[in-house]
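K.L.:
What follows is run_30.csv, made up of CSV, C-alpha atoms:
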chain,number,residue,atom,x,y,z
A,8,MET,CA,2.9,-27.8,83.9
A,9,LYS,CA,0.3,-27.8,81.1
A,10,SER,CA,1.5,-28.1,77.5
A,11,TRP,CA,0.4,-24.6,76.5
A,12,VAL,CA,2.3,-23.1,79.5
A,13,LYS,CA,5.4,-25.1,78.7
A,14,LYS,CA,5.3,-24.0,75.1
A,15,LEU,CA,4.9,-20.4,76.2
A,16,VAL,CA,8.0,-20.6,78.5
A,17,GLU,CA,10.1,-22.3,75.9
A,18,GLN,CA,9.4,-19.6,73.3
A,19,PHE,CA,11.2,-17.1,75.5
A,20,ASP,CA,14.4,-19.0,74.6
A,21,MET,CA,16.1,-17.8,77.8
A,22,ASP,CA,19.2,-19.0,79.6
A,23,TRP,CA,18.0,-20.2,83.0
A,24,GLY,CA,21.5,-20.6,84.4
A,25,THR,CA,23.3,-23.7,85.6
A,26,THR,CA,23.2,-25.9,88.6
A,27,PRO,CA,26.2,-26.3,91.0
A,28,GLN,CA,27.0,-29.4,89.0
A,29,GLY,CA,27.3,-27.4,85.8
A,30,LYS,CA,24.0,-28.6,84.2
A,31,ALA,CA,21.6,-26.3,82.5
A,32,LYS,CA,18.6,-25.4,84.8
A,33,GLU,CA,15.2,-26.3,83.6
A,34,ALA,CA,12.6,-23.5,82.9
A,35,PRO,CA,10.7,-22.6,86.0
A,36,ILE,CA,7.2,-24.0,86.6
A,37,LEU,CA,4.5,-21.3,86.1
A,38,THR,CA,1.0,-21.0,87.4
A,39,GLU,CA,-1.8,-20.6,84.8
A,40,ASP,CA,-2.5,-17.1,86.1
A,41,ARG,CA,1.1,-16.0,85.6
A,42,ALA,CA,1.3,-17.8,82.2
A,43,THR,CA,-1.9,-16.0,81.1
A,44,LEU,CA,-0.4,-12.7,81.9
A,45,LEU,CA,2.8,-13.6,79.9
A,46,TYR,CA,0.6,-14.7,77.0
A,47,ILE,CA,-1.2,-11.3,77.0
A,48,LEU,CA,2.2,-9.5,77.0
A,49,ASP,CA,3.4,-11.8,74.1
A,50,VAL,CA,0.3,-11.0,72.0
A,51,TYR,CA,0.6,-7.3,72.8
A,52,ASN,CA,4.2,-7.5,71.8
A,53,LYS,CA,3.4,-9.0,68.4
A,54,HIS,CA,0.9,-6.2,67.5
A,55,LEU,CA,2.9,-3.1,68.3
A,56,PHE,CA,3.2,-0.2,65.9
A,57,GLU,CA,5.5,2.8,65.8
A,58,ILE,CA,4.1,5.8,67.7
A,59,GLN,CA,5.7,9.0,68.9
A,60,ASN,CA,7.7,8.6,72.2
A,61,HIS,CA,7.4,4.8,71.9
A,62,SER,CA,9.5,3.1,69.3
A,63,VAL,CA,8.6,-0.5,68.6
A,64,ARG,CA,12.1,-1.6,69.5
A,65,LYS,CA,12.1,0.1,72.9
A,66,VAL,CA,8.6,-1.1,73.8
A,67,ARG,CA,9.4,-4.6,72.8
A,68,ASN,CA,12.5,-4.5,74.9
A,69,LYS,CA,10.5,-3.2,77.9
A,70,LEU,CA,7.8,-5.9,77.5
A,71,ASP,CA,10.5,-8.6,77.1
A,72,THR,CA,12.0,-7.4,80.4
A,73,PHE,CA,8.6,-7.5,82.1
A,74,ALA,CA,8.1,-11.0,80.8
A,75,LYS,CA,11.5,-12.2,82.0
A,76,GLU,CA,10.9,-10.8,85.5
A,77,LEU,CA,7.4,-12.3,85.7
A,78,VAL,CA,8.8,-15.8,84.8
A,79,GLN,CA,10.9,-15.7,88.0
A,80,ASP,CA,9.0,-17.1,91.0
A,81,ASP,CA,9.5,-14.3,93.4
A,82,PRO,CA,6.3,-12.9,95.0
A,83,GLU,CA,7.8,-9.7,96.3
A,84,ALA,CA,9.6,-9.0,92.9
A,85,THR,CA,6.4,-9.9,91.1
A,86,GLU,CA,4.4,-7.2,92.9
A,87,LYS,CA,6.9,-4.6,91.9
A,88,VAL,CA,6.9,-5.7,88.3
A,89,LEU,CA,3.1,-5.6,88.2
A,90,PHE,CA,3.1,-2.1,89.5
A,91,LYS,CA,5.7,-1.0,86.9
A,92,LEU,CA,3.7,-2.8,84.2
A,93,ARG,CA,0.5,-1.1,85.1
A,94,GLN,CA,2.2,2.3,85.0
A,95,PHE,CA,3.8,1.6,81.6
A,96,ILE,CA,0.6,0.2,80.0
A,97,SER,CA,-1.3,3.2,81.3
A,98,SER,CA,1.2,5.7,79.7
A,99,TYR,CA,1.5,3.7,76.5
A,100,ARG,CA,-2.2,3.4,76.0
A,101,ILE,CA,-2.6,7.2,76.3
A,102,ASP,CA,0.1,7.8,73.6
A,103,GLU,CA,-1.3,5.0,71.5
A,104,TYR,CA,-4.8,6.6,71.6
A,105,THR,CA,-3.3,10.0,70.8
A,106,TYR,CA,-1.5,8.5,67.8
A,107,VAL,CA,-4.6,6.8,66.4
A,108,GLN,CA,-6.6,10.0,67.0
A,109,ASN,CA,-4.0,12.1,65.2
A,110,THR,CA,-4.0,9.6,62.3
A,111,PHE,CA,-7.7,9.9,62.0
A,112,ASP,CA,-7.5,13.7,62.2
A,113,ASP,CA,-5.0,13.6,59.3
A,114,PHE,CA,-7.5,11.6,57.2
A,115,LYS,CA,-10.3,14.1,58.1
A,116,ARG,CA,-8.0,17.1,57.2
A,117,ILE,CA,-7.2,15.6,53.7
A,118,ILE,CA,-10.9,15.1,53.0
A,119,TRP,CA,-11.9,18.5,54.5
A,120,ASP,CA,-9.4,20.4,52.4
A,121,PHE,CA,-10.8,18.8,49.3
A,122,ALA,CA,-14.4,19.5,50.3
A,123,ASP,CA,-13.4,23.1,51.2
A,124,HIS,CA,-12.0,23.6,47.7
A,125,LEU,CA,-15.2,22.3,46.1
A,126,SER,CA,-17.2,24.6,48.3
A,127,GLU,CA,-15.3,27.6,47.0
A,128,GLU,CA,-16.0,26.6,43.5
A,129,ALA,CA,-19.7,26.2,44.2
A,130,HIS,CA,-19.7,29.7,45.8
A,131,LEU,CA,-18.2,31.2,42.7
A,132,GLU,CA,-20.9,29.5,40.6
A,133,GLU,CA,-23.6,30.9,42.8
A,134,SER,CA,-22.1,34.4,42.6
A,135,SER,CA,-21.9,34.2,38.8
A,136,GLN,CA,-25.5,33.0,38.6
A,137,GLY,CA,-26.5,36.0,40.7
A,138,ASP,CA,-25.0,38.4,38.1
A,139,ILE,CA,-27.0,36.6,35.3
A,140,ASN,CA,-30.2,36.9,37.3
A,141,GLN,CA,-29.6,40.6,37.9
A,142,SER,CA,-29.0,41.2,34.1
A,143,LEU,CA,-32.2,39.3,33.2
A,144,GLU,CA,-34.2,41.4,35.7
A,145,GLN,CA,-32.9,44.6,34.0
A,146,LEU,CA,-34.0,43.2,30.6
A,147,ARG,CA,-37.5,42.4,32.0
A,148,GLU,CA,-37.8,46.0,33.3
A,149,ALA,CA,-36.9,47.3,29.8
A,150,VAL,CA,-39.6,45.1,28.2
A,151,GLU,CA,-42.2,46.4,30.7
A,152,ALA,CA,-41.1,50.1,30.2
A,153,ASN,CA,-42.5,49.9,26.6
A,154,SER,CA,-39.5,51.9,25.2
A,155,ILE,CA,-37.9,50.6,22.1
A,156,ASP,CA,-34.7,52.6,22.7
A,157,GLU,CA,-34.3,51.3,26.2
A,158,LEU,CA,-35.2,47.7,25.1
A,159,ARG,CA,-32.6,47.9,22.3
A,160,ALA,CA,-29.9,49.2,24.7
A,161,LYS,CA,-30.7,46.7,27.4
A,162,SER,CA,-30.8,43.9,24.9
A,163,ARG,CA,-27.4,44.7,23.5
A,164,GLU,CA,-26.1,45.0,27.1
A,165,PHE,CA,-27.6,41.6,28.0
A,166,ILE,CA,-26.3,39.9,24.9
A,167,SER,CA,-22.8,41.3,25.4
A,168,PHE,CA,-22.9,40.5,29.1
A,169,TYR,CA,-24.1,36.9,28.4
A,170,LEU,CA,-21.5,36.2,25.7
A,171,LYS,CA,-18.8,37.5,28.0
A,172,HIS,CA,-20.3,35.5,30.9
A,173,GLN,CA,-20.4,32.2,28.9
A,174,SER,CA,-16.8,32.7,27.7
A,175,SER,CA,-15.7,33.4,31.3
A,176,LYS,CA,-17.8,30.5,32.5
A,177,ASN,CA,-16.2,28.0,30.1
A,178,GLU,CA,-12.8,29.3,31.0
A,179,ARG,CA,-13.6,28.9,34.7
A,180,ARG,CA,-15.0,25.5,34.2
A,181,SER,CA,-11.9,24.4,32.4
A,182,LYS,CA,-9.7,25.8,35.2
A,183,ARG,CA,-12.0,24.3,37.8
A,184,MET,CA,-11.9,20.9,36.3
A,185,GLU,CA,-8.1,21.1,36.0
A,186,SER,CA,-7.9,22.2,39.6
A,187,ILE,CA,-10.3,19.5,40.8
A,188,LYS,CA,-8.3,16.9,38.9
A,189,LYS,CA,-5.1,18.1,40.6
A,190,ASN,CA,-6.8,18.1,44.0
A,191,LEU,CA,-8.1,14.6,43.4
A,192,THR,CA,-4.7,13.4,42.4
A,193,THR,CA,-3.2,14.9,45.6
A,194,VAL,CA,-5.9,13.5,47.8
A,195,LYS,CA,-5.5,10.1,46.2
A,196,LYS,CA,-1.8,10.2,46.8
A,197,GLN,CA,-2.1,11.3,50.4
A,198,LEU,CA,-4.7,8.7,51.2
A,199,MET,CA,-2.6,6.0,49.6
A,200,GLU,CA,0.5,7.0,51.5
A,201,ALA,CA,-1.5,7.1,54.8
A,202,ASN,CA,-3.0,3.7,54.0
A,203,GLN,CA,0.4,2.2,53.1
A,204,ASN,CA,2.0,3.6,56.3
A,205,MET,CA,-0.7,1.9,58.3
A,206,ARG,CA,-0.1,-1.4,56.6
A,207,ARG,CA,3.7,-1.5,56.6
A,208,ASP,CA,6.0,-2.5,59.3
A,209,HIS,CA,8.0,0.6,60.2
A,210,LEU,CA,11.3,-1.1,60.7
A,211,THR,CA,11.6,-3.6,57.9
A,212,GLY,CA,9.2,-2.3,55.3
A,213,ALA,CA,7.4,-5.7,55.1
A,214,HIS,CA,3.6,-5.8,55.4
A,215,ASN,CA,2.4,-5.7,59.1
A,216,ARG,CA,0.0,-8.0,61.0
A,217,ARG,CA,-3.0,-5.9,60.2
A,218,SER,CA,-2.2,-6.1,56.5
A,219,TYR,CA,-1.7,-9.9,56.8
A,220,ASP,CA,-5.1,-10.3,58.5
A,221,GLU,CA,-6.8,-8.5,55.7
A,222,GLN,CA,-4.9,-10.1,52.9
A,223,VAL,CA,-5.2,-13.7,54.1
A,224,LYS,CA,-9.0,-13.5,54.1
A,225,ARG,CA,-9.0,-12.2,50.5
A,226,TYR,CA,-6.8,-15.1,49.4
A,227,ILE,CA,-9.1,-17.6,51.1
A,228,GLN,CA,-12.1,-16.1,49.3
A,229,LEU,CA,-10.3,-16.3,46.0
A,230,ASN,CA,-9.3,-19.9,46.7
A,231,GLN,CA,-13.0,-20.8,47.3
A,232,LEU,CA,-13.7,-19.4,43.8
A,233,ASP,CA,-10.8,-20.7,41.7
A,234,LYS,CA,-9.8,-23.8,43.8
A,235,ASP,CA,-6.1,-23.1,43.0
A,236,PRO,CA,-3.7,-24.4,45.6
A,237,ILE,CA,-2.3,-21.9,48.2
A,238,SER,CA,0.3,-22.4,50.9
A,239,LEU,CA,1.2,-20.5,54.1
A,240,VAL,CA,4.7,-20.4,55.5
A,241,VAL,CA,5.3,-19.2,59.1
A,242,MET,CA,8.9,-18.5,60.0
A,243,ASP,CA,10.9,-17.0,62.8
A,244,ILE,CA,14.6,-16.3,63.4
A,245,ASP,CA,16.3,-18.9,65.6
A,246,HIS,CA,17.7,-17.7,68.9
A,247,PHE,CA,16.8,-14.1,68.1
A,248,LYS,CA,16.6,-13.0,71.8
A,249,LYS,CA,20.2,-14.3,72.2
A,250,ILE,CA,21.3,-12.1,69.2
A,251,ASN,CA,19.7,-9.1,70.9
A,252,ASP,CA,21.3,-10.0,74.3
A,253,SER,CA,24.7,-10.6,72.8
A,254,TYR,CA,25.0,-7.9,70.2
A,255,GLY,CA,22.4,-5.3,71.2
A,256,HIS,CA,19.1,-4.2,69.8
A,257,ASP,CA,20.7,-2.1,67.0
A,258,ILE,CA,22.2,-5.3,65.6
A,259,GLY,CA,18.9,-7.1,66.2
A,260,ASP,CA,17.1,-4.5,64.1
A,261,CYS,CA,19.7,-4.9,61.4
A,262,ILE,CA,19.2,-8.7,61.4
A,263,LEU,CA,15.4,-8.2,61.0
A,264,LYS,CA,15.8,-5.9,58.1
A,265,GLU,CA,18.4,-8.2,56.4
A,266,CYS,CA,16.1,-11.2,57.0
A,267,VAL,CA,13.2,-9.4,55.2
A,268,ARG,CA,15.5,-8.4,52.4
A,269,MET,CA,16.6,-12.0,51.8
A,270,LEU,CA,13.0,-13.4,52.2
A,271,GLN,CA,11.8,-10.8,49.6
A,272,GLU,CA,14.5,-12.1,47.2
A,273,SER,CA,13.4,-15.7,47.7
A,274,PHE,CA,9.7,-15.1,47.6
A,275,SER,CA,9.9,-12.7,44.7
A,276,ARG,CA,6.8,-13.5,42.6
A,277,GLU,CA,4.4,-10.5,42.3
A,278,GLU,CA,1.6,-12.5,44.0
A,279,ASP,CA,3.8,-13.6,47.0
A,280,PHE,CA,2.8,-11.8,50.2
A,281,LEU,CA,5.4,-11.3,53.0
A,282,ALA,CA,4.4,-9.9,56.4
A,283,ARG,CA,6.1,-9.4,59.7
A,284,LEU,CA,3.7,-10.7,62.2
A,285,GLY,CA,5.6,-9.4,65.2
A,286,GLY,CA,9.0,-9.7,66.8
A,287,GLU,CA,11.1,-12.1,64.8
A,288,GLU,CA,8.1,-13.9,63.3
A,289,PHE,CA,7.2,-13.7,59.6
A,290,ALA,CA,4.5,-15.2,57.3
A,291,VAL,CA,4.4,-15.7,53.6
A,292,ILE,CA,1.3,-16.5,51.6
A,293,LEU,CA,2.1,-18.4,48.3
A,294,PRO,CA,-0.8,-18.4,45.9
A,295,GLY,CA,-0.7,-21.2,43.3
A,296,CYS,CA,1.7,-23.3,45.3
A,297,HIS,CA,1.2,-26.9,46.6
A,298,VAL,CA,3.3,-27.9,49.5
A,299,ASP,CA,6.0,-29.4,47.2
A,300,SER,CA,6.4,-26.1,45.4
A,301,ALA,CA,6.4,-24.2,48.7
A,302,ILE,CA,9.2,-26.5,50.0
A,303,LYS,CA,11.5,-25.6,47.2
A,304,ILE,CA,11.1,-21.9,47.7
A,305,VAL,CA,11.5,-22.2,51.5
A,306,GLU,CA,14.7,-24.3,51.0
A,307,ASP,CA,16.1,-21.6,48.8
A,308,ALA,CA,15.3,-19.0,51.4
A,309,MET,CA,16.9,-21.0,54.2
A,310,ASN,CA,20.0,-21.7,52.2
A,311,ARG,CA,20.4,-18.1,51.2
A,312,ILE,CA,20.2,-17.0,54.9
A,313,ARG,CA,22.5,-19.8,56.1
A,314,LYS,CA,25.3,-18.6,53.7
A,315,GLU,CA,25.0,-14.9,54.6
A,316,VAL,CA,27.6,-13.5,57.0
A,317,PHE,CA,27.0,-10.1,58.5
A,318,VAL,CA,30.1,-8.1,59.6
A,319,GLN,CA,29.8,-5.6,62.4
A,320,ASP,CA,33.1,-4.1,63.6
A,321,ASP,CA,35.2,-7.2,64.2
A,322,MET,CA,32.3,-9.5,64.7
A,323,GLN,CA,30.9,-12.0,62.1
A,324,ILE,CA,27.2,-12.7,62.7
A,325,ARG,CA,25.2,-15.6,61.2
A,326,PHE,CA,21.7,-16.6,61.8
A,327,THR,CA,19.2,-19.2,60.7
A,328,ILE,CA,15.4,-19.5,60.5
A,329,SER,CA,12.9,-22.2,61.2
A,330,ALA,CA,9.6,-22.6,59.3
A,331,GLY,CA,6.2,-24.4,59.2
A,332,ILE,CA,4.4,-24.9,55.9
A,333,ALA,CA,0.7,-25.6,55.5
A,334,GLU,CA,-1.4,-25.9,52.4
A,335,LEU,CA,-4.9,-24.5,52.7
A,336,SER,CA,-7.5,-27.3,53.0
A,337,PRO,CA,-11.1,-26.9,51.6
A,338,GLY,CA,-13.3,-25.0,54.0
A,339,GLU,CA,-10.5,-24.1,56.3
A,340,ASP,CA,-10.6,-20.6,57.9
A,341,ALA,CA,-7.7,-18.2,58.4
A,342,ASP,CA,-7.2,-18.9,62.1
A,343,HIS,CA,-7.0,-22.7,61.7
A,344,TRP,CA,-4.7,-22.4,58.7
A,345,TYR,CA,-2.3,-20.2,60.6
A,346,LYS,CA,-2.5,-22.5,63.7
A,347,ARG,CA,-1.5,-25.5,61.6
A,348,ALA,CA,1.5,-23.7,60.1
A,349,ASP,CA,2.5,-22.3,63.6
A,350,GLU,CA,2.3,-25.8,65.1
A,351,ALA,CA,4.6,-27.0,62.3
A,352,LEU,CA,7.0,-24.1,63.1
A,353,TYR,CA,7.0,-25.1,66.8
A,354,GLU,CA,7.9,-28.6,65.8
A,355,SER,CA,10.8,-27.4,63.8
A,356,LYS,CA,12.1,-25.4,66.7
A,357,GLU,CA,11.5,-28.3,69.1
A,358,THR,CA,13.5,-30.7,66.9
A,359,GLY,CA,16.6,-28.7,66.3
A,360,ARG,CA,15.7,-25.5,64.5
A,361,ASN,CA,17.2,-24.4,61.2
A,362,LYS,CA,14.7,-26.6,59.3
A,363,TYR,CA,11.1,-26.7,58.1
A,364,THR,CA,8.2,-28.9,59.0
A,365,ILE,CA,5.1,-29.7,56.9
A,366,ALA,CA,1.9,-29.1,58.9
A,367,LYS,CA,-0.3,-32.2,59.7
A,368,ASP,CA,-3.4,-32.8,57.6
A,369,PRO,CA,-6.3,-31.0,59.3
A,370,LYS,CA,-8.3,-34.3,59.2
A,371,MET,CA,-5.6,-36.0,61.3
A,372,LYS,CA,-6.1,-35.7,65.1
A,373,ARG,CA,-3.0,-34.6,67.1
A,374,VAL,CA,-2.2,-36.9,70.0
A,375,ALA,CA,-1.6,-34.9,73.2
Would you mind writing the structure in this file as structure tokens?
P.N.:
Amino acid sequence: MKSWVKKLVEQFDMDWGTTPQGKAKEAPILTEDRATLLYILDVYNKHLFEIQNHSVRKVRNKLDTFAKELVQDDPEATEKVLFKLRQFISSYRIDEYTYVQNTFDDFKRIIWDFADHLSEEAHLEESSQGDINQSLEQLREAVEANSIDELRAKSREFISFYLKHQSSKNERRSKRMESIKKNLTTVKKQLMEANQNMRRDHLTGAHNRRSYDEQVKRYIQLNQLDKDPISLVVMDIDHFKKINDSYGHDIGDCILKECVRMLQESFSREEDFLARLGGEEFAVILPGCHVDSAIKIVEDAMNRIRKEVFVQDDMQIRFTISAGIAELSPGEDADHWYKRADEALYESKETGRNKYTIAKDPKMKRVA
């Protein structure tokens, strides 16, 4: 079994049962076709977002179930699983498209309401200008009539009308500017809220994968300018699937939220950027930090989590995290930087979990 397939199977962290002699069974051998399908499910799982009728927790649970069933080498069962998977993906994609379309429609509504308000103001200005033009036309007619009395009367009417118009115009302008200002404030707030909702993980409140992808590119661009050190920490919760299986997904959700809370307390600088990449995986970008500085913060976070005990009914629940740390190298892109940190995380999990590993120097070649 190829190394990438073996790594994919191991990340499921499943109990494969025991042999008649009581020994733990090894993970089944997968074909590359089946492993590729599992990889696609895993990537899809990591990029879910909350939509109506499909909560992230329920979709993730369903995809995990499909993945576990696909791992088992049973051709007849596989055919049934693939049929159910096709049905589910078809239904989910329709709802996902509807959600995205509705979100886009909300953006359009916000802008349209503001544009409609400006249109009303412009119409009022046009109407007012029409009254001015009509009064001027009457004044021209009085001049052409060659009557001093009519000219005097129309002149007084025009001056009175114009002064009243200017006063009213200034008052309308003041109200209009105040109204536009309020509308701009409302639009700005609505757009910011919509933008934040699209960049936050619904469950934990941490930044989501989309926000991470955008932010990491900005940090790399800044690093190219100021050359300050910057480190990336990739982490995940050890044996998280066993926590879900043992205590249920409600407890699993609680653990995710508590994990984010403690990570936020440890990575508490204003410039630190914490994101939930998907499932139980998190990433933290640490500007201004060499690896040595990052290690100290990571150790603090791991110790904080180790000491915490969560009480649910009569149960006491503890958990730990594993981490990989990589300092950005000159000229390194976002994907390669993340890959080095992720490989270091994998090494932490392979060598006992509840620990961190420093990523290998990008100039060093990894021996297969």
K.L.:
May I ask which of the residues A:Ser336, A:Asn68, A:Gln271, A:Thr43 is the closest one to A:Ile237, counting only C-alpha atoms?
P.N.:
A:Ser336
K.L.:
Just want the 9 Å neighbourhood of A:Arg67, counted on only C-alpha atoms, with same-chain residues fewer than 4 positions away dropped. Output as a PyMOL selection string.
P.N.:
chain A and resi 52-53+55+62-63+71-72+286
K.L.:
Near A:Glu315, within 10 Å and counting all atoms listed in the file, which residues show up once chain neighbours fewer than 4 positions away are dropped, as a PyMOL selection string?
P.N.:
chain A and resi 265-266+269+310-311+323-327
K.L.:
What is the atom CA of A:Ser355 to atom CA of A:Phe247 distance in Å?
P.N.:
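That distance, rounded to one decimal, is 15.2 Å.
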K.L.:
Which of these, A:Asn251, A:Ser329, A:Asn60, A:Gln141, has the shortest distance to A:Ile101 once you count all atoms listed in the file?
P.N.:
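Among the listed residues, the smallest separation from A:Ile101 belongs to A:Asn60.
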K.L.:
What is the distance between atom CA of A:Val240 and atom CA of A:Val305, in Å to one decimal?
P.N.:
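Interatomic distance here is 8.1 Å.
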K.L.:
Just want the 7 Å neighbourhood of A:Val267, counted on only C-alpha atoms, with same-chain residues fewer than 4 positions away dropped. Output as a PyMOL selection string.
P.N.:
chain A and resi 211+213+263+271
K.L.:
Using all atoms listed in the file, which of the listed residues (A:Thr358, A:Asn215, A:Ser253, A:Gln222) sits closest to A:Glu288?
P.N.:
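Once distances to A:Glu288 are computed over all atoms listed in the file, the minimum belongs to A:Asn215.
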K.L.:
Which residues, written as a CSV table (one decimal) with C-alpha atoms, in the coordinates of the input, have at least one atom at most 12 Å from A:Gln319, with all atoms listed in the file counted and residues fewer than 5 positions away on the same chain left out?
P.N.:
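Saved file result-v4.csv follows:
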chain,number,residue,atom,x,y,z
A,254,TYR,CA,25.0,-7.9,70.2
A,255,GLY,CA,22.4,-5.3,71.2
A,257,ASP,CA,20.7,-2.1,67.0
A,258,ILE,CA,22.2,-5.3,65.6
A,259,GLY,CA,18.9,-7.1,66.2
A,261,CYS,CA,19.7,-4.9,61.4
A,262,ILE,CA,19.2,-8.7,61.4
A,324,ILE,CA,27.2,-12.7,62.7
A,325,ARG,CA,25.2,-15.6,61.2
K.L.:
I need the residue nearest A:Lys248 from this list: A:Arg268, A:Leu37, A:Glu287, A:Leu70. Use all atoms listed in the file for the distance.
P.N.:
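Answer, going by the shortest atom-to-atom distance: A:Glu287.
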K.L.:
Record the distance separating atom CA of A:Pro337 and atom CA of A:Phe280, expressed in Å with one decimal.
P.N.:
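These atoms are spaced 20.6 Å apart.
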K.L.:
My list of candidates is A:Ile58, A:Arg41, A:Tyr99, A:Phe317. Which is closest to A:Glu86 when distances are computed with only C-alpha atoms?
P.N.:
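So, comparing all the options, the nearest one is A:Arg41.
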K.L.:
Need the shell around A:Tyr363: protein/DNA/RNA residues with any atom at most 10 Å away, counting all atoms listed in the file. Skip same-chain ones fewer than 3 positions apart. Format as a PDB file with C-alpha atoms, in the frame of the given file?
P.N.:
ATOM      1  CA  VAL A 240       4.700 -20.400  55.500  1.00  0.00           C
ATOM      2  CA  VAL A 241       5.300 -19.200  59.100  1.00  0.00           C
ATOM      3  CA  MET A 242       8.900 -18.500  60.000  1.00  0.00           C
ATOM      4  CA  ILE A 302       9.200 -26.500  50.000  1.00  0.00           C
ATOM      5  CA  VAL A 305      11.500 -22.200  51.500  1.00  0.00           C
ATOM      6  CA  GLU A 306      14.700 -24.300  51.000  1.00  0.00           C
ATOM      7  CA  MET A 309      16.900 -21.000  54.200  1.00  0.00           C
ATOM      8  CA  ILE A 328      15.400 -19.500  60.500  1.00  0.00           C
ATOM      9  CA  SER A 329      12.900 -22.200  61.200  1.00  0.00           C
ATOM     10  CA  ALA A 330       9.600 -22.600  59.300  1.00  0.00           C
ATOM     11  CA  GLY A 331       6.200 -24.400  59.200  1.00  0.00           C
ATOM     12  CA  ILE A 332       4.400 -24.900  55.900  1.00  0.00           C
ATOM     13  CA  ALA A 351       4.600 -27.000  62.300  1.00  0.00           C
ATOM     14  CA  LEU A 352       7.000 -24.100  63.100  1.00  0.00           C
ATOM     15  CA  TYR A 353       7.000 -25.100  66.800  1.00  0.00           C
ATOM     16  CA  GLU A 354       7.900 -28.600  65.800  1.00  0.00           C
ATOM     17  CA  SER A 355      10.800 -27.400  63.800  1.00  0.00           C
ATOM     18  CA  LYS A 356      12.100 -25.400  66.700  1.00  0.00           C
ATOM     19  CA  THR A 358      13.500 -30.700  66.900  1.00  0.00           C
ATOM     20  CA  ARG A 360      15.700 -25.500  64.500  1.00  0.00           C
ATOM     21  CA  ALA A 366       1.900 -29.100  58.900  1.00  0.00           C
TER      22      ALA A 366
END
K.L.:
Go through A:Glu83, A:Glu103, A:Asp49, A:Asp342 one by one, measure the shortest atom-to-atom distance of each to A:His61 using only C-alpha atoms, and give the residue with the smallest value.
P.N.:
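Closest residue, counting only C-alpha atoms: A:Glu103.
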